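Down below is the structure, laid out as structure tokens.
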Amino acid sequence: MTTHIQHAEQLSTTTLLRFATAGSVDDGKSTLVGRLLHDSKSVLTDQLEAVEHASRSRGQEAPDLALLTDGLRAEREQGITIDVAYRYFATPRRRFILADTPGHVQYTRNMVTGASTAELAVVLVDARNGVVEQTRRHAAVAALLRVPHVVLAVNKMDLVDYAEPVFAAIAEEFTAYAASLGVPEITAIPISALAGDNVVEPSAHMDWYGGPTVLEHLETVPVSHDLTACHARFPVQYVIRPQTAEHPDYRGYAGQIAAGAFRVGEAVTVLPSGRTSTIAGIDALGESVDIAWAPQSVTVRLADDIDISRGDLIAPAEDAPAVTKDVEATVCHVADQPLSVGQRVLLKHTTRTVKAIVKDIPSRLTLDDLSQHPAPGQLVANDIGRVVVRTAEPLALDAYADSRRTGSFLLIDPADGTTLSAGMAGASFAAAAGAEPGAAASDDAEWDF
């Protein structure tokens, strides 16, 4: 019992790393994840027994560790990963949430889903094949989503006799490409997921490599959870007005702080109205506090009675975002139905959902070579492109480059609530590579808002 309590206390003091894996089909990604879980003692006995039984039934002598992650029957039968699978595991040094994303081209949208909240992406490459189109595609998605750390795992080194020149050539090519996209940090590690080389334990076959193992790097990479350094943003989720005898005049605005910190006495602006006030009090877990920071859920009380409702944004008066109805962004289209110019949509940004219309789709990005396909007219599933959206009501959007939390949004089908596209406001490497964001047309006569 004491051991469990000590373990729980230990975990409560460790940091959390969210990371995503990506790689082409048959690069051994599921085997790498299975090896990480197995060698870090994160697999339950009954799970391992089930994998060993499934492996024997397929005529394999050793347990196929890829089966630890490929949970869908279709994945096991085909030996591939289809859906984003989330795995949770921990070591004494850190807790992990892993998004295991599929490698097929037609599942690019799944990688976007998995990497959107990741602080690190592991991109696998088969040492025999080197950097292929899908590798460049994954690097581009990681750069587009502003993933701060990228690990290049050069797998199957055992099949190239653990040759250092093979690893060096692949690492040089990938690093140059990813750096050109603006990826801030790239770490290359030679591994054999099947044999266990440099995954959790250092390899005896590659004494020429002096860097960390995959797990060692995951445990020690700096995690930028410090959202308090970002622009302070508080989307209002719910207005609390008990109107009871005990609290006749209480008016509080509840929600989760998206970024930054707020203090009692601080001057704030409420958007999109632009009204200003001062924070009179902050309630957290039933107690009054002087300061609160992301990602705490709190109730904020203001000195003035202002008309505030769900979807409004509270920000420091001297650091409030600009309010606009014209949104220029990069989107990844995730729905099977296309997104077309002139289409009416709902735009969901933090807790605010407004009507909108797609005014222009200036370009579609070809991830293979980062070229721009101008004026495609529509985006289909897995496409990434620039869009210009006009909203019925003003929005307080940050640039995605400044804040992944308040610079992102969803485009939703108003008919059935289907998510159409995931958007990143402002410039992207796609724009820097030559795309000209389209200007919104000035003729609003044909709109109904």
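As shown in the structure tokens, the chain order sets the letters A, B, ...; within each chain, residues go from 1, and ligands are also counted from 1 in the order they appear.
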
Subject >> Who sits within 7 Å of A:Val122, only C-alpha atoms, same chain under 5 positions skipped, as a ChimeraX atom specification >> reply: /A:20-22,150-153

Writer output for current selection, C-alpha atoms, as a PDB file, in the first residue's frame:
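Produced file result.pdb, reproduced below:
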```pdb
ATOM      1  CA  ALA A  20       2.870  12.064 -31.339  1.00  0.00           C
ATOM      2  CA  THR A  21       4.420   9.420 -33.558  1.00  0.00           C
ATOM      3  CA  ALA A  22       4.320   9.476 -37.343  1.00  0.00           C
ATOM      4  CA  VAL A 150      10.917  16.784 -33.555  1.00  0.00           C
ATOM      5  CA  VAL A 151      12.749  13.469 -33.143  1.00  0.00           C
ATOM      6  CA  LEU A 152      13.927  11.642 -36.254  1.00  0.00           C
ATOM      7  CA  ALA A 153      14.011   7.950 -35.361  1.00  0.00           C
TER       8      ALA A 153
END
```

**OP:** Would you list the contacts of A:Val387 as a PyMOL selection string, taking every protein, DNA or RNA residue within 6 Å and counting only C-alpha atoms, but skipping same-chain residues closer than 4 positions in sequence?
**Re:** chain A and resi 328-329+360-361

Could you build a table of the residues in stretch 125-220 of chain A lying no more than 12 Å from stretch 392-411 of chain A, giving for each the nearest pair of atoms and their separation in Å rounded to one decimal place, using only C-alpha atoms, ordered by chain and ascending residue number, as a tab-separated table?
```
residue	atom	partner	partner_atom	distance
A:Ala143	CA	A:Ala401	CA	10.7
A:Leu144	CA	A:Ala401	CA	9.4
A:Leu145	CA	A:Arg404	CA	8.1
A:Arg146	CA	A:Ala401	CA	7.2
A:Val147	CA	A:Arg404	CA	9.7
A:Pro148	CA	A:Ala401	CA	11.3
A:Gly182	CA	A:Ala401	CA	11.5
```

Please write the residues from the selection above to a file, keeping all heavy atoms, as a short mmCIF file (atom, residue, chain, number, x, y, z; two decimals), in the first residue's frame.
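So the final result, stored in out-v5.cif, reads:
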```cif
data_model
loop_
_atom_site.label_atom_id
_atom_site.label_comp_id
_atom_site.auth_asym_id
_atom_site.auth_seq_id
_atom_site.Cartn_x
_atom_site.Cartn_y
_atom_site.Cartn_z
N ALA A 143 5.71 21.10 -38.66
CA ALA A 143 6.09 22.51 -38.73
C ALA A 143 4.86 23.40 -38.78
O ALA A 143 4.82 24.46 -38.14
CB ALA A 143 6.96 22.75 -39.97
N LEU A 144 3.85 22.98 -39.53
CA LEU A 144 2.62 23.76 -39.66
C LEU A 144 1.92 23.91 -38.32
O LEU A 144 1.40 24.97 -37.99
CB LEU A 144 1.70 23.06 -40.66
CG LEU A 144 0.49 23.83 -41.17
CD1 LEU A 144 0.93 25.01 -42.02
CD2 LEU A 144 -0.40 22.91 -41.99
N LEU A 145 1.94 22.83 -37.52
CA LEU A 145 1.27 22.83 -36.22
C LEU A 145 2.17 23.39 -35.11
O LEU A 145 1.79 23.35 -33.94
CB LEU A 145 0.82 21.42 -35.87
CG LEU A 145 -0.30 20.87 -36.75
CD1 LEU A 145 -0.47 19.37 -36.52
CD2 LEU A 145 -1.59 21.59 -36.49
N ARG A 146 3.35 23.88 -35.49
CA ARG A 146 4.28 24.50 -34.53
C ARG A 146 4.64 23.54 -33.39
O ARG A 146 4.71 23.94 -32.23
CB ARG A 146 3.69 25.78 -33.94
CG ARG A 146 3.04 26.71 -34.97
CD ARG A 146 4.01 27.62 -35.63
NE ARG A 146 3.36 28.37 -36.71
CZ ARG A 146 3.92 29.38 -37.36
NH1 ARG A 146 5.13 29.77 -37.05
NH2 ARG A 146 3.27 30.00 -38.33
N VAL A 147 4.89 22.28 -33.73
CA VAL A 147 5.37 21.34 -32.71
C VAL A 147 6.81 21.71 -32.38
O VAL A 147 7.67 21.73 -33.26
CB VAL A 147 5.29 19.88 -33.24
CG1 VAL A 147 5.81 18.91 -32.18
CG2 VAL A 147 3.87 19.53 -33.64
N PRO A 148 7.11 22.02 -31.11
CA PRO A 148 8.42 22.60 -30.78
C PRO A 148 9.61 21.65 -30.95
O PRO A 148 10.72 22.09 -31.24
CB PRO A 148 8.29 23.02 -29.30
CG PRO A 148 6.88 22.80 -28.92
CD PRO A 148 6.21 21.98 -29.97
N GLY A 182 11.22 25.62 -40.66
CA GLY A 182 11.13 26.38 -39.42
C GLY A 182 10.97 25.54 -38.18
O GLY A 182 10.60 26.06 -37.12
#
```

**OP:** Give me, please, the distance in Å between atom CA of A:Gln237 and atom CA of A:Asp283, quoted to one decimal.
**Re:**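 Calculated distance between atom CA of A:Gln237 and atom CA of A:Asp283 is 14.7 Å.
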
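Checking A:Ala99, A:Pro235, A:Ile191, A:Gln134 one by one against A:Asp161, counting only C-alpha atoms, you find the shortest gap at A:Ile191.
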
Original post:
DSSP on the backbone: what in stretch 143-354 of chain A comes out strand (DSSP E or B), as JSON, numbers by chain?
Top reply: {"A": [149, 150, 151, 152, 153, 154, 155, 185, 186, 187, 188, 189, 190, 192, 197, 201, 233, 234, 235, 238, 239, 240, 252, 253, 254, 255, 256, 259, 261, 262, 263, 267, 268, 269, 270, 271, 275, 276, 277, 278, 279, 280, 281, 282, 283, 284, 287, 288, 289, 291, 292, 293, 297, 298, 299, 300, 301, 302, 313, 314, 315, 316, 323, 324, 325, 326, 327, 328, 329, 330, 331, 332, 333, 339, 340, 344, 345, 346, 347, 348, 349, 352, 353, 354]}

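Atom CA of A:Asp319 is positioned 7.0 Å from atom CA of A:His231.
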
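You will find atom CA of A:Asn155 at 8.9 Å from atom CA of A:Leu194.
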
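Take the candidates A:Leu347, A:Ile186, A:Ile97, A:Ala259 and check each one against A:Val221 using only C-alpha atoms; the shortest distance goes to A:Ile186.
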
Original post:
Neighbours of A:Val264 within 7 Å (only C-alpha atoms; same-chain residues fewer than 4 positions away dropped), as a PyMOL selection string?
Top reply: chain A and resi 279-282+290-291

**OP:** Please identify all polymer residues within 9 Å of A:Thr419, counting only C-alpha atoms, omitting same-chain residues fewer than 5 positions from it, and present them as JSON, numbers by chain.
**Re:** {"A": [333, 334, 335, 410, 411, 412, 413]}

Can I get the selection written as a short mmCIF file (atom, residue, chain, number, x, y, z; two decimals), in the first residue's frame, with N, CA, C and O atoms?
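Saved to selection-v3.cif:
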```cif
data_model
loop_
_atom_site.label_atom_id
_atom_site.label_comp_id
_atom_site.auth_asym_id
_atom_site.auth_seq_id
_atom_site.Cartn_x
_atom_site.Cartn_y
_atom_site.Cartn_z
N HIS A 333 -8.36 20.14 -43.90
CA HIS A 333 -9.74 19.69 -44.09
C HIS A 333 -9.84 18.23 -43.66
O HIS A 333 -9.15 17.36 -44.19
N VAL A 334 -10.73 17.96 -42.69
CA VAL A 334 -10.80 16.63 -42.10
C VAL A 334 -12.06 15.87 -42.47
O VAL A 334 -12.16 14.66 -42.21
N ALA A 335 -13.04 16.54 -43.07
CA ALA A 335 -14.31 15.87 -43.40
C ALA A 335 -14.24 15.22 -44.78
O ALA A 335 -13.46 15.62 -45.64
N LEU A 410 -12.28 25.75 -35.31
CA LEU A 410 -12.88 24.69 -36.12
C LEU A 410 -13.93 25.30 -37.04
O LEU A 410 -14.63 26.24 -36.66
N LEU A 411 -14.01 24.76 -38.24
CA LEU A 411 -15.13 25.08 -39.14
C LEU A 411 -16.09 23.90 -39.08
O LEU A 411 -15.67 22.74 -39.24
N ILE A 412 -17.37 24.18 -38.85
CA ILE A 412 -18.37 23.14 -38.59
C ILE A 412 -19.53 23.27 -39.58
O ILE A 412 -19.93 24.39 -39.94
N ASP A 413 -20.05 22.14 -40.01
CA ASP A 413 -21.23 22.12 -40.88
C ASP A 413 -22.45 22.48 -40.05
O ASP A 413 -22.79 21.77 -39.09
#
```

**OP:** For stretch 197-207 of chain A, list every protein, DNA or RNA residue within 10 Å, evaluated using only C-alpha atoms, and leave out those in the same chain fewer than 6 positions away; present the list as a VMD selection string.
**Re:** chain A and resid 32 to 33 35 to 40 153 155 to 158 161 to 164 189 to 191 213 to 217

Using the chain letters and numbers from this document, which residues of stretch 130-263 of chain A does DSSP assign to alpha helix (DSSP H), as a CSV table (one decimal) with N, CA and C atoms, in the first residue's frame?
```
chain,number,residue,atom,x,y,z
A,133,GLU,N,8.6,10.7,-49.5
A,133,GLU,CA,7.6,11.7,-49.6
A,133,GLU,C,6.8,11.8,-48.3
A,134,GLN,N,6.4,10.7,-47.8
A,134,GLN,CA,5.6,10.7,-46.5
A,134,GLN,C,6.3,11.3,-45.4
A,135,THR,N,7.7,11.1,-45.3
A,135,THR,CA,8.5,11.7,-44.3
A,135,THR,C,8.5,13.2,-44.4
A,136,ARG,N,8.6,13.7,-45.6
A,136,ARG,CA,8.5,15.2,-45.8
A,136,ARG,C,7.2,15.7,-45.4
A,137,ARG,N,6.1,14.9,-45.7
A,137,ARG,CA,4.8,15.3,-45.4
A,137,ARG,C,4.6,15.5,-43.9
A,138,HIS,N,5.1,14.5,-43.2
A,138,HIS,CA,5.0,14.5,-41.7
A,138,HIS,C,5.8,15.7,-41.1
A,139,ALA,N,7.0,15.9,-41.7
A,139,ALA,CA,7.8,17.1,-41.2
A,139,ALA,C,7.0,18.4,-41.4
A,140,ALA,N,6.4,18.5,-42.6
A,140,ALA,CA,5.6,19.7,-42.9
A,140,ALA,C,4.4,19.9,-42.0
A,141,VAL,N,3.7,18.8,-41.7
A,141,VAL,CA,2.6,18.9,-40.7
A,141,VAL,C,3.1,19.3,-39.3
A,142,ALA,N,4.2,18.8,-38.9
A,142,ALA,CA,4.8,19.1,-37.6
A,142,ALA,C,5.1,20.6,-37.6
A,143,ALA,N,5.7,21.1,-38.7
A,143,ALA,CA,6.1,22.5,-38.7
A,143,ALA,C,4.9,23.4,-38.8
A,144,LEU,N,3.9,23.0,-39.5
A,144,LEU,CA,2.6,23.8,-39.7
A,144,LEU,C,1.9,23.9,-38.3
A,164,GLU,N,27.0,3.6,-39.6
A,164,GLU,CA,26.9,5.0,-39.3
A,164,GLU,C,26.7,5.9,-40.5
A,165,PRO,N,27.4,5.6,-41.7
A,165,PRO,CA,27.2,6.5,-42.8
A,165,PRO,C,25.7,6.6,-43.3
A,166,VAL,N,25.0,5.4,-43.2
A,166,VAL,CA,23.6,5.4,-43.6
A,166,VAL,C,22.8,6.3,-42.7
A,167,PHE,N,23.0,6.2,-41.4
A,167,PHE,CA,22.3,7.1,-40.5
A,167,PHE,C,22.6,8.5,-40.7
A,168,ALA,N,23.9,8.8,-40.9
A,168,ALA,CA,24.4,10.2,-41.0
A,168,ALA,C,23.8,10.9,-42.2
A,169,ALA,N,23.7,10.1,-43.3
A,169,ALA,CA,23.1,10.7,-44.6
A,169,ALA,C,21.6,11.0,-44.4
A,170,ILE,N,20.9,10.1,-43.8
A,170,ILE,CA,19.4,10.3,-43.6
A,170,ILE,C,19.2,11.5,-42.6
A,171,ALA,N,20.0,11.5,-41.5
A,171,ALA,CA,19.8,12.6,-40.6
A,171,ALA,C,20.1,14.0,-41.2
A,172,GLU,N,21.2,14.0,-42.0
A,172,GLU,CA,21.5,15.3,-42.6
A,172,GLU,C,20.4,15.8,-43.6
A,173,GLU,N,19.9,14.9,-44.4
A,173,GLU,CA,18.8,15.2,-45.4
A,173,GLU,C,17.6,15.7,-44.6
A,174,PHE,N,17.1,15.0,-43.6
A,174,PHE,CA,15.9,15.3,-42.9
A,174,PHE,C,16.1,16.6,-42.1
A,175,THR,N,17.2,16.8,-41.5
A,175,THR,CA,17.4,18.0,-40.7
A,175,THR,C,17.4,19.2,-41.5
A,176,ALA,N,18.1,19.1,-42.7
A,176,ALA,CA,18.1,20.3,-43.6
A,176,ALA,C,16.7,20.7,-44.1
A,177,TYR,N,15.9,19.6,-44.4
A,177,TYR,CA,14.5,19.9,-44.9
A,177,TYR,C,13.6,20.5,-43.7
A,178,ALA,N,13.7,19.8,-42.6
A,178,ALA,CA,12.8,20.3,-41.4
A,178,ALA,C,13.2,21.7,-41.0
A,179,ALA,N,14.5,22.0,-41.0
A,179,ALA,CA,15.0,23.3,-40.6
A,179,ALA,C,14.5,24.4,-41.6
A,180,SER,N,14.4,24.0,-42.9
A,180,SER,CA,13.9,25.0,-43.9
A,180,SER,C,12.5,25.3,-43.7
A,214,VAL,N,15.7,6.9,-27.2
A,214,VAL,CA,14.5,7.6,-27.4
A,214,VAL,C,13.8,7.9,-26.1
A,215,LEU,N,13.7,7.0,-25.2
A,215,LEU,CA,13.1,7.2,-23.9
A,215,LEU,C,13.8,8.3,-23.1
A,216,GLU,N,15.1,8.2,-23.1
A,216,GLU,CA,15.9,9.2,-22.3
A,216,GLU,C,15.7,10.6,-22.9
A,217,HIS,N,15.6,10.7,-24.2
A,217,HIS,CA,15.3,12.1,-24.8
A,217,HIS,C,13.9,12.5,-24.4
A,218,LEU,N,12.9,11.6,-24.4
A,218,LEU,CA,11.5,11.9,-24.1
A,218,LEU,C,11.4,12.3,-22.6
A,219,GLU,N,12.3,11.7,-21.7
A,219,GLU,CA,12.2,12.1,-20.3
A,219,GLU,C,12.9,13.4,-20.0
A,220,THR,N,13.8,13.8,-20.9
A,220,THR,CA,14.6,15.0,-20.5
A,220,THR,C,14.4,16.2,-21.4
```

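Distances to A:Val183 were evaluated for A:Leu120, A:Thr353, A:Gln343, A:Phe234 using only C-alpha atoms, and the minimum falls at A:Leu120.
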
Subject >> Nearby residues (only C-alpha atoms) at most 9 Å from A:Gly385, same-chain spacing under 2 positions excluded, as a PyMOL selection string >> reply: chain A and resi 329-333+361-366+372-373+379+383+387+430

Selection export as a PDB file, in the first residue's frame, atoms kept: N, CA and C atoms:
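Saved as result10.pdb:
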```pdb
ATOM      1  N   ALA A 329      -6.434  32.184 -42.664  1.00  0.00           N
ATOM      2  CA  ALA A 329      -5.874  31.067 -41.906  1.00  0.00           C
ATOM      3  C   ALA A 329      -5.447  29.934 -42.823  1.00  0.00           C
ATOM      4  N   THR A 330      -4.683  29.019 -42.242  1.00  0.00           N
ATOM      5  CA  THR A 330      -4.383  27.739 -42.874  1.00  0.00           C
ATOM      6  C   THR A 330      -5.285  26.700 -42.237  1.00  0.00           C
ATOM      7  N   VAL A 331      -5.930  25.884 -43.043  1.00  0.00           N
ATOM      8  CA  VAL A 331      -6.799  24.847 -42.491  1.00  0.00           C
ATOM      9  C   VAL A 331      -6.395  23.479 -43.017  1.00  0.00           C
ATOM     10  N   CYS A 332      -6.617  22.473 -42.193  1.00  0.00           N
ATOM     11  CA  CYS A 332      -6.531  21.087 -42.644  1.00  0.00           C
ATOM     12  C   CYS A 332      -7.954  20.577 -42.721  1.00  0.00           C
ATOM     13  N   HIS A 333      -8.360  20.141 -43.904  1.00  0.00           N
ATOM     14  CA  HIS A 333      -9.744  19.693 -44.092  1.00  0.00           C
ATOM     15  C   HIS A 333      -9.843  18.235 -43.658  1.00  0.00           C
ATOM     16  N   ILE A 361     -10.642  30.556 -51.173  1.00  0.00           N
ATOM     17  CA  ILE A 361      -9.635  29.534 -50.889  1.00  0.00           C
ATOM     18  C   ILE A 361      -8.470  29.839 -51.834  1.00  0.00           C
ATOM     19  N   PRO A 362      -7.556  30.726 -51.421  1.00  0.00           N
ATOM     20  CA  PRO A 362      -6.503  31.205 -52.324  1.00  0.00           C
ATOM     21  C   PRO A 362      -5.576  30.114 -52.838  1.00  0.00           C
ATOM     22  N   SER A 363      -5.304  29.084 -51.999  1.00  0.00           N
ATOM     23  CA  SER A 363      -4.339  28.082 -52.451  1.00  0.00           C
ATOM     24  C   SER A 363      -4.490  26.794 -51.662  1.00  0.00           C
ATOM     25  N   ARG A 364      -4.031  25.716 -52.282  1.00  0.00           N
ATOM     26  CA  ARG A 364      -3.941  24.416 -51.618  1.00  0.00           C
ATOM     27  C   ARG A 364      -2.468  24.030 -51.585  1.00  0.00           C
ATOM     28  N   LEU A 365      -2.026  23.543 -50.449  1.00  0.00           N
ATOM     29  CA  LEU A 365      -0.614  23.199 -50.277  1.00  0.00           C
ATOM     30  C   LEU A 365      -0.355  21.767 -50.725  1.00  0.00           C
ATOM     31  N   THR A 366       0.665  21.588 -51.556  1.00  0.00           N
ATOM     32  CA  THR A 366       1.123  20.252 -51.913  1.00  0.00           C
ATOM     33  C   THR A 366       2.242  19.904 -50.949  1.00  0.00           C
ATOM     34  N   GLN A 372       2.445  25.510 -54.160  1.00  0.00           N
ATOM     35  CA  GLN A 372       1.092  26.011 -53.980  1.00  0.00           C
ATOM     36  C   GLN A 372       0.250  25.766 -55.239  1.00  0.00           C
ATOM     37  N   HIS A 373      -0.926  25.236 -55.037  1.00  0.00           N
ATOM     38  CA  HIS A 373      -1.875  25.080 -56.126  1.00  0.00           C
ATOM     39  C   HIS A 373      -2.870  26.220 -55.995  1.00  0.00           C
ATOM     40  N   LEU A 379     -11.521  22.381 -50.968  1.00  0.00           N
ATOM     41  CA  LEU A 379     -10.579  21.490 -50.304  1.00  0.00           C
ATOM     42  C   LEU A 379     -11.302  20.185 -50.009  1.00  0.00           C
ATOM     43  N   ASP A 383      -6.718  17.608 -47.394  1.00  0.00           N
ATOM     44  CA  ASP A 383      -6.081  18.788 -48.001  1.00  0.00           C
ATOM     45  C   ASP A 383      -5.713  19.806 -46.933  1.00  0.00           C
ATOM     46  N   VAL A 387      -7.389  29.738 -46.399  1.00  0.00           N
ATOM     47  CA  VAL A 387      -8.774  30.151 -46.576  1.00  0.00           C
ATOM     48  C   VAL A 387      -8.961  31.571 -46.047  1.00  0.00           C
ATOM     49  N   ALA A 430       3.381  27.969 -45.067  1.00  0.00           N
ATOM     50  CA  ALA A 430       2.796  27.909 -46.406  1.00  0.00           C
ATOM     51  C   ALA A 430       2.700  29.295 -47.014  1.00  0.00           C
TER      52      ALA A 430
END
```

**OP:** Within 10 Å of A:Gly114, counting only C-alpha atoms, which residues show up once you throw out same-chain ones fewer than 4 positions away? Write them as a ChimeraX atom specification, please.
**Re:** /A:18-22,83-86,98-102,109-110,118,121

Original post:
For A:Asp307, which residue out of A:Ala245, A:Leu271, A:Ala90, A:Leu16 is the nearest one, using only C-alpha atoms?
Top reply: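 That would be A:Leu271, the residue with the smallest distance to A:Asp307.
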